[in-house]
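Take a look at the structure set out below.
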Amino acid sequence: MPRISLFHLTLLLCALSAVSCHRTPPRPRNVIFILVDTLRADRLGAYGYRRGTSPNVDAFASEAVTFENARSQASCTFPSANSILTSRGPAAFLGQPNQALGIPQGIPSLAEILRQHGFHTVAVSASAVVRRSPTRFNPHGGFDRGFEVFDEDCLWKPAACVNRAAAEHLRPDRRPLFLYLHYIDPHGPYQPPEGWRRKFARGRPEKEWVRRGDPNPIGDWLYKGKPNPGLTPADLAFLKDLYDEEIAYFDSRFAKLLAALRDSGRLDDSLVVFASDHGEEFLEHGHVKHCRTLFDSSIRVPLLLRIPGADAKTVSRPVENLDIVPTLLDYLGIQAAIPFEGRSLRPWIEGDASSDELQYGLQGALRSASDGRFKLIHDLASGAVSLFDLAADPGETRDVLARERRAYARLDGPLTAWITREEGPGGAQKSREAEARLRSLGYLE
Ligand SMILES: [Zn+2]
């Protein structure tokens, strides 16, 4: 039988007592942080997709705060995940000694802060990058600081594995829980588990790599000088269908995770975050996979926050993944004297914020700033500058720099100031070189 949560017990006592209870919901006790690697916002029903990939995420969104205009700081797991977990811009993580990709000493992470405040801190990660110990994609690990438990046994495994490991940590504990769950399902190769194949993909492509959901032969053609593998529009459509099937599979397991949280009595006294580190490209802009561009196909991500006792809401103002950590700490009542680069979204959630901040992005030689309506992208390598009207042209297909001079002027100064602030004089060059090295070593995949 499900246990009654503290929140429901409080409601019950309020209902039974003659004394009126304060209407403010109780402060949340736990944090459940769900990060789904490589999940494009526009492939979820909650963000307007009509294909039925995500009924359970959509139902969760209907009782959460949905940030419909959220962007990640980079289009690669590293350094996007680092930014998410620390509220520091990506430049802070580039160029570490020995190509290290983790969170460097001296930059506090969410896990460390919560552990210092008495939380039991647990990570379960299926990612080859967000790791304690080395992998081919992250030769030094280094994401475990602050975690008492960092479970890596589900490396590259489907969501059911992450859920099983998570369930081990939902037992009653006198300490509050920080549970970080890093799912990898939509990441390539797109190989939905048996039972989820053929939900969207039809037919049997001739090419074996297409049937296997492997986008790498396209990447080898684009980036490594190999011949075109004979890609056809039908092949590309098949790969996209498999990607959507991976999302549908994840969504089904997401329902099971929520059920486990509910049964453990933790759902209603936990802040539950649903986020992603970046999207995925399917040749919308001449690229595949991720780690290449700052177009929305790569950086527009879902961001949902379920706050116990708070009403569901949609926030359309632009927000960044950097804002997650300060928002969580605000709701937990934890004041950390740490120079976060994001801000608490509580004023936007509770409805009286008037100011907007810009969203900034960094990937390779690219730097971007967006106010949610326009996005300015600087290519520091070629000097090219482009501007997109995200409202009129969400696919970012038409450069409007020549006619939207006021939007350009509004974004350009802050973007230049951000680059200087984040990377210092000459820093942009250094970060480009650092990333080129990582790419040549095969870490940015
Ligand atoms: Zn990733």
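Quick note on naming: the chains in the structure tokens go A, B, ... in the order shown, residues restart at 1 in each chain, and ligands are numbered from 1 in order of appearance.
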Query raised in the report: Hey, which residues come within 9 Å of ligand 1 if we count only C-alpha atoms and all ligand atoms? Could you give them as a list in words?
Result: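 Answer in the requested format: Val36, Asp37, Thr38, Leu39, Ser75, Cys76, Thr77, Phe78, Ser80, Ala81, Ser127, Val129, Val130, Ile184, His187, Ser276, Asp277, His278, Gly279, His290, Cys291 and Glu445 of chain A.
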Query raised in the report: Please, which residues of stretch 47-107 of chain A, numbered as in this document, come out strand (DSSP E or B) from DSSP, as a PyMOL selection string?
Result: chain A and resi 65-67+70-71
Within 10 Å of A:Pro176 using only C-alpha atoms, minus same-chain residues under 3 positions, as an mmCIF file with C-alpha atoms, in the first residue's frame:
data_model
loop_
_atom_site.group_PDB
_atom_site.id
_atom_site.type_symbol
_atom_site.label_atom_id
_atom_site.label_comp_id
_atom_site.auth_asym_id
_atom_site.auth_seq_id
_atom_site.Cartn_x
_atom_site.Cartn_y
_atom_site.Cartn_z
ATOM 1 C CA PRO A 28 10.019 20.343 -0.676
ATOM 2 C CA ARG A 29 12.306 17.826 0.948
ATOM 3 C CA ASN A 30 13.935 15.882 -1.899
ATOM 4 C CA VAL A 31 15.212 16.572 -5.400
ATOM 5 C CA LEU A 114 23.123 19.397 -1.224
ATOM 6 C CA ARG A 115 25.412 16.937 0.531
ATOM 7 C CA HIS A 117 23.104 20.399 3.621
ATOM 8 C CA GLY A 118 22.508 16.849 4.774
ATOM 9 C CA PHE A 119 21.173 15.239 1.620
ATOM 10 C CA HIS A 120 21.819 11.636 0.690
ATOM 11 C CA THR A 121 23.249 12.174 -2.814
ATOM 12 C CA PRO A 172 12.868 5.352 3.575
ATOM 13 C CA ASP A 173 15.756 7.412 4.950
ATOM 14 C CA LEU A 179 18.638 11.506 -6.903
ATOM 15 C CA ARG A 266 8.471 10.675 -2.234
ATOM 16 C CA ASP A 269 7.559 16.108 -1.155
ATOM 17 C CA SER A 270 10.104 16.244 -3.970
#
A:Leu181 environment, 7 Å, only C-alpha atoms, sequence neighbours closer than 6 positions dropped, as an mmCIF file with C-alpha atoms, in the first residue's frame:
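Just written: selection05.cif:
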data_model
loop_
_atom_site.group_PDB
_atom_site.id
_atom_site.type_symbol
_atom_site.label_atom_id
_atom_site.label_comp_id
_atom_site.auth_asym_id
_atom_site.auth_seq_id
_atom_site.Cartn_x
_atom_site.Cartn_y
_atom_site.Cartn_z
ATOM 1 C CA PHE A 33 16.639 15.239 -11.222
ATOM 2 C CA ILE A 34 15.796 13.454 -14.461
ATOM 3 C CA LEU A 35 18.129 14.229 -17.338
ATOM 4 C CA ALA A 123 23.550 9.411 -9.187
ATOM 5 C CA VAL A 124 22.607 6.695 -11.652
ATOM 6 C CA SER A 125 24.106 7.481 -15.050
#
Query - Distance of atom CA of A:Pro326 from atom CA of A:Ala74, expressed in Å to one decimal place - result: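 Value for the atom CA of A:Ala74-atom CA of A:Pro326 distance: 18.8 Å.
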Report task. Could you pull out the residues in stretch 44-173 of chain A that DSSP calls alpha helix (DSSP H) from the backbone, as a ChimeraX atom specification? Result -> /A:55-61,77-86,110-116,159-167
Given the selection you just returned, output its residues as a file containing N, CA, C and O atoms, formatted as a compact mmCIF listing (two decimals), in the first residue's frame.
# COMPACT_ATOMS: atom_id res chain seq x y z
N PRO A 55 3.12 10.41 -24.10
CA PRO A 55 1.92 10.65 -23.28
C PRO A 55 2.23 10.80 -21.79
O PRO A 55 1.55 11.59 -21.11
N ASN A 56 3.22 10.09 -21.29
CA ASN A 56 3.48 10.15 -19.84
C ASN A 56 4.25 11.41 -19.46
O ASN A 56 3.98 12.00 -18.41
N VAL A 57 5.18 11.83 -20.30
CA VAL A 57 5.84 13.12 -20.05
C VAL A 57 4.81 14.24 -20.15
O VAL A 57 4.80 15.18 -19.34
N ASP A 58 3.90 14.13 -21.12
CA ASP A 58 2.89 15.17 -21.29
C ASP A 58 1.98 15.26 -20.06
O ASP A 58 1.63 16.36 -19.62
N ALA A 59 1.61 14.09 -19.52
CA ALA A 59 0.75 14.09 -18.32
C ALA A 59 1.51 14.70 -17.14
O ALA A 59 0.93 15.47 -16.36
N PHE A 60 2.80 14.39 -17.04
CA PHE A 60 3.63 14.99 -15.98
C PHE A 60 3.67 16.51 -16.17
O PHE A 60 3.52 17.28 -15.22
N ALA A 61 3.84 16.95 -17.42
CA ALA A 61 3.90 18.39 -17.70
C ALA A 61 2.60 19.08 -17.30
O ALA A 61 2.62 20.24 -16.87
N THR A 77 27.15 16.88 -24.66
CA THR A 77 27.00 16.49 -23.25
C THR A 77 28.04 17.24 -22.40
O THR A 77 27.71 17.82 -21.37
N PHE A 78 29.30 17.13 -22.84
CA PHE A 78 30.32 18.02 -22.27
C PHE A 78 30.43 19.21 -23.20
O PHE A 78 30.64 19.01 -24.40
N PRO A 79 30.29 20.42 -22.75
CA PRO A 79 30.17 20.85 -21.35
C PRO A 79 28.75 21.19 -20.90
O PRO A 79 28.59 21.79 -19.86
N SER A 80 27.73 20.78 -21.67
CA SER A 80 26.36 21.15 -21.28
C SER A 80 26.00 20.60 -19.90
O SER A 80 25.43 21.31 -19.06
N ALA A 81 26.34 19.31 -19.67
CA ALA A 81 25.99 18.70 -18.38
C ALA A 81 26.72 19.40 -17.23
O ALA A 81 26.16 19.59 -16.14
N ASN A 82 27.98 19.79 -17.48
CA ASN A 82 28.73 20.51 -16.45
C ASN A 82 28.01 21.80 -16.07
O ASN A 82 27.91 22.17 -14.90
N SER A 83 27.53 22.52 -17.09
CA SER A 83 26.82 23.78 -16.85
C SER A 83 25.54 23.54 -16.06
O SER A 83 25.21 24.30 -15.14
N ILE A 84 24.82 22.47 -16.42
CA ILE A 84 23.57 22.17 -15.73
C ILE A 84 23.83 21.94 -14.24
O ILE A 84 23.12 22.45 -13.39
N LEU A 85 24.88 21.17 -13.92
CA LEU A 85 25.10 20.73 -12.55
C LEU A 85 25.79 21.78 -11.68
O LEU A 85 25.92 21.59 -10.46
N THR A 86 26.26 22.87 -12.31
CA THR A 86 27.00 23.88 -11.55
C THR A 86 26.47 25.31 -11.70
O THR A 86 26.90 26.20 -10.97
N LEU A 110 25.90 20.90 -7.75
CA LEU A 110 24.66 20.74 -6.99
C LEU A 110 24.78 19.61 -5.96
O LEU A 110 24.34 19.75 -4.82
N ALA A 111 25.42 18.50 -6.37
CA ALA A 111 25.55 17.37 -5.44
C ALA A 111 26.33 17.78 -4.20
O ALA A 111 25.97 17.43 -3.07
N GLU A 112 27.43 18.52 -4.39
CA GLU A 112 28.23 18.94 -3.23
C GLU A 112 27.43 19.84 -2.29
O GLU A 112 27.49 19.70 -1.07
N ILE A 113 26.72 20.79 -2.91
CA ILE A 113 25.97 21.74 -2.08
C ILE A 113 24.91 21.01 -1.28
O ILE A 113 24.75 21.22 -0.07
N LEU A 114 24.20 20.10 -1.94
CA LEU A 114 23.12 19.40 -1.22
C LEU A 114 23.69 18.45 -0.18
O LEU A 114 23.13 18.30 0.91
N ARG A 115 24.81 17.83 -0.47
CA ARG A 115 25.41 16.94 0.53
C ARG A 115 25.81 17.73 1.78
O ARG A 115 25.62 17.26 2.91
N GLN A 116 26.35 18.92 1.54
CA GLN A 116 26.72 19.76 2.69
C GLN A 116 25.50 20.13 3.53
O GLN A 116 25.61 20.48 4.69
N ALA A 159 16.38 2.68 -20.33
CA ALA A 159 15.82 3.32 -19.14
C ALA A 159 15.42 2.31 -18.05
O ALA A 159 15.49 2.64 -16.87
N ALA A 160 15.02 1.11 -18.45
CA ALA A 160 14.62 0.12 -17.43
C ALA A 160 15.76 -0.14 -16.46
O ALA A 160 15.53 -0.33 -15.25
N CYS A 161 16.99 -0.12 -16.94
CA CYS A 161 18.16 -0.35 -16.07
C CYS A 161 18.31 0.80 -15.08
O CYS A 161 18.50 0.58 -13.88
N VAL A 162 18.20 2.03 -15.58
CA VAL A 162 18.33 3.20 -14.70
C VAL A 162 17.22 3.17 -13.65
O VAL A 162 17.44 3.43 -12.46
N ASN A 163 16.01 2.83 -14.08
CA ASN A 163 14.89 2.75 -13.12
C ASN A 163 15.15 1.71 -12.03
O ASN A 163 14.87 1.95 -10.86
N ARG A 164 15.67 0.54 -12.45
CA ARG A 164 15.93 -0.52 -11.45
C ARG A 164 16.94 -0.04 -10.41
O ARG A 164 16.77 -0.23 -9.21
N ALA A 165 18.00 0.61 -10.90
CA ALA A 165 19.02 1.12 -9.97
C ALA A 165 18.44 2.22 -9.08
O ALA A 165 18.74 2.30 -7.89
N ALA A 166 17.60 3.07 -9.67
CA ALA A 166 17.00 4.17 -8.90
C ALA A 166 16.14 3.62 -7.77
O ALA A 166 16.14 4.15 -6.65
N ALA A 167 15.39 2.54 -8.07
CA ALA A 167 14.46 1.99 -7.08
C ALA A 167 15.18 1.58 -5.79
O ALA A 167 14.62 1.65 -4.70
Requested in this report: Would you kindly return, as an NGL selection string, each protein, DNA or RNA residue with an atom no farther than 7 Å from any atom of stretch 316-323 of chain A, considering only C-alpha atoms and excluding same-chain residues fewer than 3 positions away?
Outcome: :A and (67-73 or 83-84 or 87-88 or 326-327 or 341-345 or 356 or 359 or 371-372)
Writer output for current selection, C-alpha atoms, as a PDB file, in the first residue's frame:
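Result saved to out_37.pdb:
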ATOM      1  CA  PHE A  67       9.312  26.177 -19.658  1.00  0.00           C
ATOM      2  CA  GLU A  68       8.481  26.293 -23.339  1.00  0.00           C
ATOM      3  CA  ASN A  69      11.446  28.450 -24.279  1.00  0.00           C
ATOM      4  CA  ALA A  70      14.393  26.689 -22.598  1.00  0.00           C
ATOM      5  CA  ARG A  71      17.824  26.271 -24.150  1.00  0.00           C
ATOM      6  CA  SER A  72      20.960  24.408 -23.154  1.00  0.00           C
ATOM      7  CA  GLN A  73      24.336  26.113 -22.937  1.00  0.00           C
ATOM      8  CA  SER A  83      26.816  23.780 -16.851  1.00  0.00           C
ATOM      9  CA  ILE A  84      23.569  22.168 -15.727  1.00  0.00           C
ATOM     10  CA  SER A  87      25.178  26.893 -13.045  1.00  0.00           C
ATOM     11  CA  ARG A  88      28.439  27.971 -14.672  1.00  0.00           C
ATOM     12  CA  PRO A 326      19.594  28.338  -8.414  1.00  0.00           C
ATOM     13  CA  THR A 327      15.878  27.559  -8.817  1.00  0.00           C
ATOM     14  CA  GLU A 341      25.612  32.426 -13.587  1.00  0.00           C
ATOM     15  CA  GLY A 342      21.963  31.407 -13.769  1.00  0.00           C
ATOM     16  CA  ARG A 343      19.147  32.888 -11.717  1.00  0.00           C
ATOM     17  CA  SER A 344      16.281  31.422  -9.734  1.00  0.00           C
ATOM     18  CA  LEU A 345      13.203  31.107 -11.939  1.00  0.00           C
ATOM     19  CA  ASP A 356      14.051  38.922 -19.274  1.00  0.00           C
ATOM     20  CA  GLN A 359      20.165  32.862 -23.387  1.00  0.00           C
ATOM     21  CA  ASP A 371      16.040  36.793 -26.322  1.00  0.00           C
ATOM     22  CA  GLY A 372      13.649  33.961 -27.128  1.00  0.00           C
TER      23      GLY A 372
END
Near stretch 376-393 of chain A, counting only C-alpha atoms, which residues have an atom at most 7 Å away, once you skip same-chain residues fewer than 3 positions from it, shown as an mmCIF file with N, CA and C atoms, in the first residue's frame?
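This went into result05.cif:
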data_model
loop_
_atom_site.group_PDB
_atom_site.id
_atom_site.type_symbol
_atom_site.label_atom_id
_atom_site.label_comp_id
_atom_site.auth_asym_id
_atom_site.auth_seq_id
_atom_site.Cartn_x
_atom_site.Cartn_y
_atom_site.Cartn_z
ATOM 1 N N ALA A 365 33.535 26.986 -32.359
ATOM 2 C CA ALA A 365 33.796 28.388 -32.649
ATOM 3 C C ALA A 365 32.522 29.222 -32.606
ATOM 4 N N LEU A 366 31.391 28.597 -32.326
ATOM 5 C CA LEU A 366 30.114 29.316 -32.364
ATOM 6 C C LEU A 366 29.756 29.882 -31.001
ATOM 7 N N ARG A 367 29.191 31.084 -31.023
ATOM 8 C CA ARG A 367 28.660 31.692 -29.809
ATOM 9 C C ARG A 367 27.299 32.266 -30.172
ATOM 10 N N SER A 368 26.330 32.147 -29.258
ATOM 11 C CA SER A 368 24.997 32.652 -29.583
ATOM 12 C C SER A 368 24.392 33.396 -28.410
ATOM 13 N N ALA A 369 23.474 34.304 -28.749
ATOM 14 C CA ALA A 369 22.647 34.965 -27.748
ATOM 15 C C ALA A 369 21.240 35.024 -28.308
ATOM 16 N N SER A 370 20.262 34.773 -27.440
ATOM 17 C CA SER A 370 18.870 34.823 -27.887
ATOM 18 C C SER A 370 18.018 35.475 -26.813
ATOM 19 N N ARG A 373 13.027 35.432 -28.964
ATOM 20 C CA ARG A 373 12.367 35.780 -30.235
ATOM 21 C C ARG A 373 13.386 35.715 -31.383
ATOM 22 N N GLU A 396 14.911 28.114 -38.289
ATOM 23 C CA GLU A 396 16.142 28.894 -38.492
ATOM 24 C C GLU A 396 16.719 28.673 -39.901
ATOM 25 N N THR A 397 15.875 28.907 -40.880
ATOM 26 C CA THR A 397 16.296 28.688 -42.275
ATOM 27 C C THR A 397 16.610 29.986 -43.002
ATOM 28 N N ARG A 398 16.157 31.132 -42.462
ATOM 29 C CA ARG A 398 16.354 32.395 -43.176
ATOM 30 C C ARG A 398 17.107 33.385 -42.294
ATOM 31 N N ASP A 399 18.251 33.807 -42.765
ATOM 32 C CA ASP A 399 19.053 34.797 -42.038
ATOM 33 C C ASP A 399 18.419 36.174 -42.240
ATOM 34 N N VAL A 400 18.020 36.814 -41.137
ATOM 35 C CA VAL A 400 17.338 38.114 -41.253
ATOM 36 C C VAL A 400 18.229 39.269 -40.792
ATOM 37 N N LEU A 401 19.524 39.011 -40.757
ATOM 38 C CA LEU A 401 20.457 40.030 -40.270
ATOM 39 C C LEU A 401 20.311 41.350 -41.025
ATOM 40 N N TYR A 408 19.506 42.861 -34.059
ATOM 41 C CA TYR A 408 20.948 42.597 -34.066
ATOM 42 C C TYR A 408 21.654 43.474 -33.031
ATOM 43 N N LEU A 411 21.183 42.359 -29.432
ATOM 44 C CA LEU A 411 21.837 41.114 -29.004
ATOM 45 C C LEU A 411 23.359 41.164 -29.109
#
Query raised in the report: How many Å separate atom CA of A:Glu246 from atom CA of A:Ala128?
Result: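 It comes out at 17.8 Å.
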Could you give me, as CSV, every stretch 268-318 of chain A residue with an atom at most 12 Å from stretch 331-335 of chain A, plus its closest atom pair and distance in Å to one decimal, counting only C-alpha atoms, rows ordered by chain then number?
residue,atom,partner,partner_atom,distance
A:Asp269,CA,A:Leu332,CA,10.8
A:Ser270,CA,A:Leu332,CA,9.7
A:Leu271,CA,A:Tyr331,CA,8.2
A:Val272,CA,A:Tyr331,CA,11.5
A:Leu305,CA,A:Tyr331,CA,11.1
A:Arg306,CA,A:Tyr331,CA,11.2
A:Ile307,CA,A:Tyr331,CA,8.4
A:Pro308,CA,A:Tyr331,CA,10.1
A:Gly309,CA,A:Tyr331,CA,11.9
A:Ala310,CA,A:Tyr331,CA,11.2
Just the selected residues (N, CA and C atoms), exported as a CSV table (one decimal), in the first residue's frame, please.
chain,number,residue,atom,x,y,z
A,269,ASP,N,6.7,15.2,-1.9
A,269,ASP,CA,7.6,16.1,-1.2
A,269,ASP,C,8.9,16.3,-1.9
A,270,SER,N,8.9,16.1,-3.2
A,270,SER,CA,10.1,16.2,-4.0
A,270,SER,C,9.9,17.3,-5.1
A,271,LEU,N,11.0,18.0,-5.3
A,271,LEU,CA,11.1,18.8,-6.5
A,271,LEU,C,11.5,17.8,-7.6
A,272,VAL,N,10.7,17.7,-8.7
A,272,VAL,CA,11.1,16.8,-9.8
A,272,VAL,C,11.4,17.6,-11.0
A,305,LEU,N,9.3,21.4,-14.3
A,305,LEU,CA,9.6,21.3,-12.9
A,305,LEU,C,8.4,21.1,-12.1
A,306,ARG,N,8.3,20.0,-11.4
A,306,ARG,CA,7.1,19.7,-10.6
A,306,ARG,C,7.4,20.1,-9.2
A,307,ILE,N,6.6,21.1,-8.7
A,307,ILE,CA,6.8,21.6,-7.4
A,307,ILE,C,5.7,21.2,-6.5
A,308,PRO,N,5.9,20.5,-5.4
A,308,PRO,CA,4.8,20.1,-4.6
A,308,PRO,C,3.9,21.2,-4.2
A,309,GLY,N,2.6,21.0,-4.4
A,309,GLY,CA,1.6,22.0,-3.9
A,309,GLY,C,1.5,23.2,-4.8
A,310,ALA,N,2.3,23.3,-5.9
A,310,ALA,CA,2.2,24.5,-6.8
A,310,ALA,C,1.3,24.1,-8.0
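Closest approach to A:Asp311 among A:Gln99, A:Asn228, A:Thr66, A:Trp196 is made by A:Thr66 (distances from only C-alpha atoms).
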Query raised in the report: Looking at A:Arg43, A:Arg136, A:Arg346, A:Arg292, which one is nearest to A:Gly361, with distances taken over only C-alpha atoms?
Result: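 Going through A:Arg43, A:Arg136, A:Arg346, A:Arg292 one by one, the smallest distance to A:Gly361 is for A:Arg292.
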**Report entry** Interatomic distance (Å, one decimal) between atom CA of A:Pro227 and atom CA of A:Thr135
**Finding:** 29.3 Å
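Non-sequential neighbours of A:Arg145 (distance at most 10 Å, separation of 4 or more positions within a chain, only C-alpha atoms) are Gly102, Ile103, Pro104, Gln105, Pro108, Ser109, Leu110, Ala111, Glu112, Arg132, Val149 and Phe150 of chain A.
Ranking A:Gly265, A:Leu170, A:Ser297, A:Asn138 by their shortest atom-to-atom distance to A:Gly442, with only C-alpha atoms included, puts A:Asn138 first.
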